[in-house]
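Participant: Sending over protein_34.json (JSON, C-alpha atoms).
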[["chain", "number", "residue", "atom", "x", "y", "z"],
["A", 1, "MET", "CA", -10.49, 34.55, -9.20],
["A", 2, "ALA", "CA", -12.16, 31.17, -9.49],
["A", 3, "GLN", "CA", -10.47, 28.01, -8.42],
["A", 4, "TYR", "CA", -10.30, 25.38, -11.16],
["A", 5, "PHE", "CA", -10.65, 21.68, -10.31],
["A", 6, "GLU", "CA", -9.95, 18.92, -12.81],
["A", 7, "ILE", "CA", -11.97, 16.11, -11.28],
["A", 8, "HIS", "CA", -11.64, 12.48, -12.32],
["A", 9, "PRO", "CA", -14.92, 11.51, -14.03],
["A", 10, "ALA", "CA", -15.03, 7.97, -12.64],
["A", 11, "ASN", "CA", -13.31, 8.35, -9.27],
["A", 12, "PRO", "CA", -13.67, 11.97, -8.13],
["A", 13, "GLN", "CA", -11.03, 13.09, -5.66],
["A", 14, "LYS", "CA", -12.74, 13.38, -2.30],
["A", 15, "ARG", "CA", -10.53, 16.26, -1.19],
["A", 16, "LEU", "CA", -11.77, 18.31, -4.16],
["A", 17, "ILE", "CA", -15.37, 17.46, -3.31],
["A", 18, "HIS", "CA", -14.72, 18.65, 0.26],
["A", 19, "GLN", "CA", -13.23, 21.90, -1.05],
["A", 20, "ALA", "CA", -16.18, 22.46, -3.40],
["A", 21, "VAL", "CA", -18.62, 22.09, -0.50],
["A", 22, "ASP", "CA", -16.54, 24.46, 1.63],
["A", 23, "LEU", "CA", -16.69, 27.09, -1.12],
["A", 24, "LEU", "CA", -20.47, 26.73, -1.32],
["A", 25, "LYS", "CA", -20.74, 27.14, 2.45],
["A", 26, "GLN", "CA", -18.64, 30.30, 2.18],
["A", 27, "GLY", "CA", -21.21, 31.80, -0.18],
["A", 28, "GLY", "CA", -19.58, 30.95, -3.48],
["A", 29, "VAL", "CA", -21.20, 30.38, -6.85],
["A", 30, "ILE", "CA", -19.73, 27.35, -8.57],
["A", 31, "THR", "CA", -20.17, 25.61, -11.90],
["A", 32, "LEU", "CA", -20.71, 21.90, -11.88],
["A", 33, "PRO", "CA", -21.49, 19.12, -14.36],
["A", 34, "THR", "CA", -24.85, 17.45, -14.80],
["A", 35, "ASP", "CA", -25.99, 14.75, -17.22],
["A", 36, "SER", "CA", -27.30, 17.36, -19.67],
["A", 37, "SER", "CA", -25.02, 20.41, -19.38],
["A", 38, "TYR", "CA", -22.86, 22.50, -17.10],
["A", 39, "ALA", "CA", -24.80, 24.50, -14.51],
["A", 40, "PHE", "CA", -24.37, 27.32, -12.02],
["A", 41, "ALA", "CA", -24.99, 26.29, -8.42],
["A", 42, "CYS", "CA", -25.22, 27.83, -4.97],
["A", 43, "ARG", "CA", -26.86, 27.12, -1.62],
["A", 44, "ILE", "CA", -30.62, 27.60, -1.58],
["A", 45, "ASP", "CA", -30.62, 30.08, 1.32],
["A", 46, "ASP", "CA", -27.81, 32.25, -0.06],
["A", 47, "LYS", "CA", -29.54, 35.30, -1.57],
["A", 48, "ARG", "CA", -26.28, 37.04, -2.52],
["A", 49, "ALA", "CA", -25.05, 34.03, -4.47],
["A", 50, "LEU", "CA", -28.43, 33.64, -6.17],
["A", 51, "ASP", "CA", -28.38, 37.31, -7.16],
["A", 52, "LYS", "CA", -24.94, 36.78, -8.68],
["A", 53, "ILE", "CA", -26.28, 33.99, -10.87],
["A", 54, "ARG", "CA", -29.14, 36.26, -11.95],
["A", 55, "LEU", "CA", -26.64, 39.02, -12.76],
["A", 56, "ILE", "CA", -24.31, 36.76, -14.77],
["A", 57, "ARG", "CA", -27.17, 35.29, -16.78],
["A", 58, "GLN", "CA", -29.13, 38.59, -16.87],
["A", 59, "LEU", "CA", -32.23, 36.85, -15.56],
["A", 60, "SER", "CA", -35.42, 38.49, -14.35],
["A", 61, "ASP", "CA", -36.87, 37.79, -10.93],
["A", 62, "LYS", "CA", -39.43, 35.56, -12.66],
["A", 63, "HIS", "CA", -36.86, 32.99, -13.79],
["A", 64, "ASP", "CA", -37.51, 29.47, -12.55],
["A", 65, "PHE", "CA", -34.57, 27.90, -10.73],
["A", 66, "THR", "CA", -34.17, 24.20, -10.03],
["A", 67, "LEU", "CA", -33.18, 22.28, -6.92],
["A", 68, "ILE", "CA", -30.73, 19.40, -7.21],
["A", 69, "CYS", "CA", -31.58, 16.86, -4.51],
["A", 70, "LYS", "CA", -29.62, 13.87, -3.31],
["A", 71, "ASP", "CA", -32.52, 11.46, -2.79],
["A", 72, "LEU", "CA", -36.27, 11.09, -2.55],
["A", 73, "THR", "CA", -36.29, 11.81, 1.18],
["A", 74, "GLN", "CA", -34.84, 15.22, 0.45],
["A", 75, "VAL", "CA", -37.34, 15.72, -2.39],
["A", 76, "SER", "CA", -40.16, 14.95, 0.06],
["A", 77, "ASN", "CA", -38.91, 17.61, 2.47],
["A", 78, "PHE", "CA", -38.97, 20.37, -0.13],
["A", 79, "THR", "CA", -41.99, 19.42, -2.25],
["A", 80, "LYS", "CA", -45.49, 18.06, -1.89],
["A", 81, "ILE", "CA", -45.23, 14.62, -3.44],
["A", 82, "ASN", "CA", -47.88, 11.93, -3.70],
["A", 83, "ASN", "CA", -47.37, 8.18, -4.13],
["A", 84, "ASP", "CA", -47.67, 8.18, -7.92],
["A", 85, "THR", "CA", -45.12, 10.95, -8.29],
["A", 86, "TYR", "CA", -42.82, 9.28, -5.79],
["A", 87, "ARG", "CA", -42.84, 6.07, -7.82],
["A", 88, "LEU", "CA", -42.29, 7.97, -11.07],
["A", 89, "ILE", "CA", -39.29, 9.89, -9.79],
["A", 90, "LYS", "CA", -37.85, 6.74, -8.26],
["A", 91, "ALA", "CA", -38.13, 4.96, -11.62],
["A", 92, "LEU", "CA", -36.56, 7.77, -13.66],
["A", 93, "THR", "CA", -33.73, 8.98, -11.45],
["A", 94, "PRO", "CA", -30.90, 9.59, -11.50],
["A", 95, "GLY", "CA", -31.37, 10.91, -15.01],
["A", 96, "PRO", "CA", -31.93, 13.95, -17.26],
["A", 97, "PHE", "CA", -35.37, 14.92, -15.96],
["A", 98, "THR", "CA", -36.80, 18.01, -14.30],
["A", 99, "PHE", "CA", -39.93, 17.42, -12.20],
["A", 100, "ILE", "CA", -42.23, 20.36, -11.49],
["A", 101, "LEU", "CA", -43.78, 20.02, -8.03],
["A", 102, "ASP", "CA", -45.59, 22.13, -5.47],
["A", 103, "ALA", "CA", -43.02, 23.63, -3.12],
["A", 104, "THR", "CA", -43.18, 23.34, 0.66],
["A", 105, "LYS", "CA", -42.30, 26.14, 3.08],
["A", 106, "GLU", "CA", -38.75, 24.76, 3.15],
["A", 107, "VAL", "CA", -38.16, 26.31, -0.29],
["A", 108, "PRO", "CA", -37.35, 30.03, -0.10],
["A", 109, "LYS", "CA", -40.07, 32.06, -1.83],
["A", 110, "ARG", "CA", -37.52, 33.71, -4.12],
["A", 111, "LEU", "CA", -36.88, 30.29, -5.68],
["A", 112, "GLN", "CA", -40.52, 29.37, -6.22],
["A", 113, "ASN", "CA", -42.54, 30.21, -9.28],
["A", 114, "PRO", "CA", -44.15, 33.48, -8.11],
["A", 115, "LYS", "CA", -47.64, 32.55, -9.35],
["A", 116, "LYS", "CA", -47.81, 28.78, -9.05],
["A", 117, "LYS", "CA", -45.59, 28.33, -5.95],
["A", 118, "THR", "CA", -43.85, 25.43, -7.67],
["A", 119, "ILE", "CA", -40.21, 24.36, -7.94],
["A", 120, "GLY", "CA", -38.28, 22.20, -10.37],
["A", 121, "ILE", "CA", -36.46, 19.19, -8.95],
["A", 122, "ARG", "CA", -33.51, 17.34, -10.45],
["A", 123, "MET", "CA", -31.43, 14.30, -9.51],
["A", 124, "PRO", "CA", -28.89, 14.19, -12.35],
["A", 125, "ASP", "CA", -26.85, 11.16, -13.24],
["A", 126, "ASN", "CA", -23.44, 12.70, -12.56],
["A", 127, "VAL", "CA", -21.18, 11.33, -9.86],
["A", 128, "VAL", "CA", -19.47, 14.64, -9.04],
["A", 129, "THR", "CA", -22.71, 16.53, -8.48],
["A", 130, "GLN", "CA", -24.17, 13.60, -6.54],
["A", 131, "MET", "CA", -21.16, 13.60, -4.20],
["A", 132, "ILE", "CA", -21.33, 17.36, -3.66],
["A", 133, "VAL", "CA", -25.05, 17.33, -2.81],
["A", 134, "ASP", "CA", -24.60, 14.31, -0.57],
["A", 135, "GLU", "CA", -21.82, 15.95, 1.44],
["A", 136, "LEU", "CA", -23.56, 19.33, 1.58],
["A", 137, "ASP", "CA", -26.65, 17.47, 2.87],
["A", 138, "GLU", "CA", -29.06, 20.01, 1.43],
["A", 139, "PRO", "CA", -30.35, 20.71, -2.07],
["A", 140, "LEU", "CA", -28.43, 22.95, -4.42],
["A", 141, "CYS", "CA", -30.04, 25.80, -6.28],
["A", 142, "CYS", "CA", -28.99, 25.51, -9.91],
["A", 143, "SER", "CA", -29.44, 27.14, -13.28],
["A", 144, "THR", "CA", -28.17, 25.97, -16.65],
["A", 145, "LEU", "CA", -24.90, 27.67, -17.59],
["A", 146, "ILE", "CA", -26.28, 29.72, -20.47],
["A", 147, "LEU", "CA", -24.68, 33.12, -20.92],
["A", 148, "PRO", "CA", -26.49, 36.18, -22.28],
["A", 149, "ASN", "CA", -26.98, 36.10, -26.07],
["A", 150, "SER", "CA", -26.14, 32.39, -26.20],
["A", 151, "GLU", "CA", -28.60, 29.80, -27.42],
["A", 152, "GLY", "CA", -27.23, 26.86, -25.44],
["A", 153, "ALA", "CA", -25.15, 26.05, -22.38],
["A", 154, "GLU", "CA", -21.39, 26.40, -22.38],
["A", 155, "THR", "CA", -19.80, 23.05, -23.16],
["A", 156, "ASP", "CA", -16.06, 23.54, -22.55],
["A", 157, "PRO", "CA", -14.76, 24.23, -19.03],
["A", 158, "TYR", "CA", -11.73, 26.07, -20.46],
["A", 159, "ASP", "CA", -14.09, 28.50, -22.19],
["A", 160, "ILE", "CA", -16.06, 28.85, -18.97],
["A", 161, "ARG", "CA", -12.87, 29.80, -17.15],
["A", 162, "ASP", "CA", -11.93, 32.38, -19.80],
["A", 163, "LYS", "CA", -15.35, 34.03, -19.57],
["A", 164, "LEU", "CA", -16.21, 33.71, -15.88],
["A", 165, "GLU", "CA", -13.13, 33.18, -13.72],
["A", 166, "LYS", "CA", -13.55, 36.62, -12.13],
["A", 167, "GLU", "CA", -17.20, 35.97, -11.28],
["A", 168, "LEU", "CA", -17.11, 32.52, -9.70],
["A", 169, "ALA", "CA", -15.64, 30.76, -6.68],
["A", 170, "LEU", "CA", -15.04, 27.47, -8.51],
["A", 171, "ILE", "CA", -15.13, 25.92, -11.96],
["A", 172, "ILE", "CA", -15.27, 22.14, -12.08],
["A", 173, "ASP", "CA", -13.70, 20.57, -15.17],
["A", 174, "PHE", "CA", -15.54, 17.37, -16.10],
["A", 175, "GLY", "CA", -14.53, 17.52, -19.75],
["A", 176, "ILE", "CA", -16.71, 18.55, -22.66],
["A", 177, "ILE", "CA", -20.45, 18.25, -21.95],
["A", 178, "GLU", "CA", -22.66, 18.81, -24.96],
["A", 179, "SER", "CA", -25.65, 20.99, -24.12],
["A", 180, "GLN", "CA", -28.92, 19.06, -24.16],
["A", 181, "GLU", "CA", -32.34, 19.73, -22.71],
["A", 182, "THR", "CA", -33.78, 17.73, -19.83],
["A", 183, "THR", "CA", -37.25, 16.28, -20.13],
["A", 184, "ILE", "CA", -39.63, 18.37, -18.02],
["A", 185, "ILE", "CA", -42.48, 16.52, -16.32],
["A", 186, "ASN", "CA", -45.31, 18.42, -14.68],
["A", 187, "CYS", "CA", -46.36, 16.67, -11.47],
["A", 188, "VAL", "CA", -48.60, 19.41, -10.08],
["A", 189, "ASP", "CA", -51.92, 18.86, -11.80],
["A", 190, "SER", "CA", -54.02, 15.75, -11.37],
["A", 191, "GLU", "CA", -52.56, 14.29, -14.56],
["A", 192, "ILE", "CA", -48.80, 13.84, -14.69],
["A", 193, "GLU", "CA", -47.56, 14.88, -18.13],
["A", 194, "ILE", "CA", -44.46, 15.66, -20.14],
["A", 195, "VAL", "CA", -44.36, 19.38, -20.92],
["A", 196, "ARG", "CA", -41.00, 19.33, -22.73],
["A", 197, "GLN", "CA", -39.44, 16.27, -24.31],
["A", 198, "GLY", "CA", -35.69, 16.31, -23.87],
["A", 199, "ILE", "CA", -33.08, 13.59, -23.76],
["A", 200, "GLY", "CA", -34.76, 11.73, -20.91],
["A", 201, "HIS", "CA", -37.33, 9.11, -21.93],
["A", 202, "ALA", "CA", -40.25, 8.13, -19.72],
["A", 203, "PRO", "CA", -41.96, 5.22, -21.50],
["A", 204, "MET", "CA", -44.82, 5.15, -19.01],
["A", 205, "LEU", "CA", -45.80, 8.71, -20.06],
["A", 206, "GLU", "CA", -44.99, 8.69, -23.75],
["A", 207, "ASP", "CA", -47.61, 8.00, -26.42]]
Transcribe the structure of this file into structure tokens.

Facilitator:
Amino acid sequence: MAQYFEIHPANPQKRLIHQAVDLLKQGGVITLPTDSSYAFACRIDDKRALDKIRLIRQLSDKHDFTLICKDLTQVSNFTKINNDTYRLIKALTPGPFTFILDATKEVPKRLQNPKKKTIGIRMPDNVVTQMIVDELDEPLCCSTLILPNSEGAETDPYDIRDKLEKELALIIDFGIIESQETTIINCVDSEIEIVRQGIGHAPMLED
């Protein structure tokens, strides 16, 4: 049965952050808030936890996962990033963006796009998730909390508990989060471009 944490949105209780990190280290799958939706999360080297997310969402082995990083130094360790991309990410984060980058060997192959060897990177503007990633001191593997046969992410943590409390280690209650899409920016090819316009705006790339 999942633990259920009601975390203060402005001043998250540090003891609950500690407990969330402990559950991740024990191999748990948790749900956490981002600036665009709720998401599933686990440690990047935990194959069993990743497989559980795939099972819950009924995902194929070709699904692209995303890494939530705490800062640009961490991004640089897990992706191949040039100066232009570095400046772009610095200007737009934290925020509702997903950056597609070439993965380094630090990213497990099962998380990379099988053909392109790329990985999505996020640094969401949510204090709870920022604190968890900072204390864990490694990126989190995440996937939007969309259940099979649903068009969008779950928005209400009480509904998440009703549907998934037997599957998860922890559900974090950050209130209602309306499901919105991040803006996806491809940073792999020579020309940086927006490949999906979501709620994040990048004036330097928009027409």

Participant: Counting all atoms listed in the file, what is within 8 Å of stretch 126-130 of chain A, bar same-chain residues fewer than 5 positions away, as a PyMOL selection string?

Facilitator: chain A and resi 7+9-10+12+17+32-35+70

Participant: I'd like to know which of A:His8, A:Lys14, A:Lys117, A:Arg48 is closest to A:Gly27, using only C-alpha atoms.

Facilitator: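 Between A:His8, A:Lys14, A:Lys117, A:Arg48, the residue approaching A:Gly27 most closely is A:Arg48.
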
Participant: To one decimal place, how far is atom CA of A:Leu145 from atom CA of A:Pro96 in Å?

Facilitator: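 For atom CA of A:Leu145 relative to atom CA of A:Pro96, the distance reads 15.4 Å.
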
Participant: Smallest atom-to-atom distance to A:Ala2: which of A:Ile176, A:Leu168, A:Ile184, A:Leu50, using all atoms listed in the file?

Facilitator: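 Of the candidates, the smallest distance to A:Ala2 is held by A:Leu168.
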
Participant: Just give me the gap between atom CA of A:Lys116 and atom CA of A:Asn82 in Å, one decimal is fine.

Facilitator: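 One can read the atom CA of A:Lys116 to atom CA of A:Asn82 distance as 17.7 Å.
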
Participant: Please work out which residues fall within 9 Å of (-26.2, 37.3, -22.0), coordinates as given in the file, with all atoms listed in the file counting, and return them as a ChimeraX atom specification.

Facilitator: /A:56-59,146-150

Participant: Can you work out which one of A:Ser143, A:Thr118, A:Gln3, A:Thr73 has the shortest atom-to-atom distance to A:Ala41, counting only C-alpha atoms?

Facilitator: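 Ranked by minimum distance to A:Ala41, first place goes to A:Ser143.
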
Participant: Since fewer atoms than expected are present, regenerate all heavy atoms for stretch 92-103 of chain A and write them as a compact mmCIF listing (two decimals), keeping the file's coordinate frame.

Facilitator:
# COMPACT_ATOMS: atom_id res chain seq x y z
N LEU A 92 -37.24 7.01 -12.62
CA LEU A 92 -36.56 7.77 -13.66
C LEU A 92 -35.25 8.43 -13.21
O LEU A 92 -34.54 9.01 -14.03
CB LEU A 92 -37.49 8.85 -14.22
CG LEU A 92 -38.75 8.35 -14.93
CD1 LEU A 92 -39.62 9.53 -15.36
CD2 LEU A 92 -38.39 7.48 -16.13
N THR A 93 -34.94 8.33 -11.94
CA THR A 93 -33.73 8.98 -11.45
C THR A 93 -32.73 7.97 -10.91
O THR A 93 -33.13 6.89 -10.47
CB THR A 93 -34.06 10.00 -10.35
OG1 THR A 93 -34.77 9.34 -9.28
CG2 THR A 93 -34.89 11.13 -10.90
N PRO A 94 -31.43 8.33 -10.96
CA PRO A 94 -30.90 9.59 -11.50
C PRO A 94 -31.00 9.61 -13.03
O PRO A 94 -30.87 8.57 -13.67
CB PRO A 94 -29.44 9.58 -11.04
CG PRO A 94 -29.10 8.12 -10.88
CD PRO A 94 -30.37 7.47 -10.40
N GLY A 95 -31.24 10.79 -13.57
CA GLY A 95 -31.37 10.91 -15.01
C GLY A 95 -31.70 12.33 -15.42
O GLY A 95 -31.91 13.21 -14.57
N PRO A 96 -31.76 12.59 -16.73
CA PRO A 96 -31.93 13.95 -17.26
C PRO A 96 -33.39 14.40 -17.28
O PRO A 96 -33.97 14.64 -18.34
CB PRO A 96 -31.34 13.84 -18.66
CG PRO A 96 -31.64 12.42 -19.07
CD PRO A 96 -31.52 11.61 -17.80
N PHE A 97 -33.97 14.50 -16.10
CA PHE A 97 -35.37 14.92 -15.96
C PHE A 97 -35.46 16.09 -14.98
O PHE A 97 -34.70 16.16 -14.01
CB PHE A 97 -36.23 13.77 -15.42
CG PHE A 97 -36.34 12.60 -16.35
CD1 PHE A 97 -35.43 11.56 -16.30
CD2 PHE A 97 -37.36 12.54 -17.29
CE1 PHE A 97 -35.53 10.47 -17.16
CE2 PHE A 97 -37.46 11.46 -18.16
CZ PHE A 97 -36.55 10.43 -18.09
N THR A 98 -36.43 16.97 -15.25
CA THR A 98 -36.80 18.01 -14.30
C THR A 98 -38.27 17.80 -13.95
O THR A 98 -39.12 17.75 -14.85
CB THR A 98 -36.61 19.42 -14.90
OG1 THR A 98 -35.24 19.57 -15.30
CG2 THR A 98 -36.96 20.48 -13.88
N PHE A 99 -38.56 17.66 -12.67
CA PHE A 99 -39.93 17.42 -12.20
C PHE A 99 -40.46 18.70 -11.56
O PHE A 99 -39.83 19.25 -10.66
CB PHE A 99 -39.95 16.28 -11.19
CG PHE A 99 -39.38 15.00 -11.70
CD1 PHE A 99 -38.03 14.68 -11.51
CD2 PHE A 99 -40.16 14.10 -12.41
CE1 PHE A 99 -37.49 13.50 -11.99
CE2 PHE A 99 -39.63 12.91 -12.90
CZ PHE A 99 -38.29 12.61 -12.69
N ILE A 100 -41.60 19.16 -12.05
CA ILE A 100 -42.23 20.36 -11.49
C ILE A 100 -43.21 19.93 -10.41
O ILE A 100 -44.14 19.18 -10.67
CB ILE A 100 -42.96 21.17 -12.57
CG1 ILE A 100 -42.03 21.47 -13.75
CG2 ILE A 100 -43.52 22.46 -11.97
CD1 ILE A 100 -40.79 22.24 -13.38
N LEU A 101 -42.99 20.42 -9.19
CA LEU A 101 -43.78 20.02 -8.03
C LEU A 101 -44.18 21.23 -7.21
O LEU A 101 -43.53 22.29 -7.28
CB LEU A 101 -42.97 19.06 -7.15
CG LEU A 101 -42.56 17.72 -7.77
CD1 LEU A 101 -41.37 17.15 -7.04
CD2 LEU A 101 -43.73 16.75 -7.70
N ASP A 102 -45.23 21.08 -6.42
CA ASP A 102 -45.59 22.13 -5.47
C ASP A 102 -44.50 22.22 -4.40
O ASP A 102 -44.08 21.20 -3.85
CB ASP A 102 -46.93 21.82 -4.81
CG ASP A 102 -48.11 22.04 -5.74
OD1 ASP A 102 -48.12 23.08 -6.44
OD2 ASP A 102 -49.00 21.17 -5.78
N ALA A 103 -44.07 23.43 -4.11
CA ALA A 103 -43.02 23.63 -3.12
C ALA A 103 -43.60 23.66 -1.71
O ALA A 103 -44.73 24.09 -1.49
CB ALA A 103 -42.29 24.94 -3.40
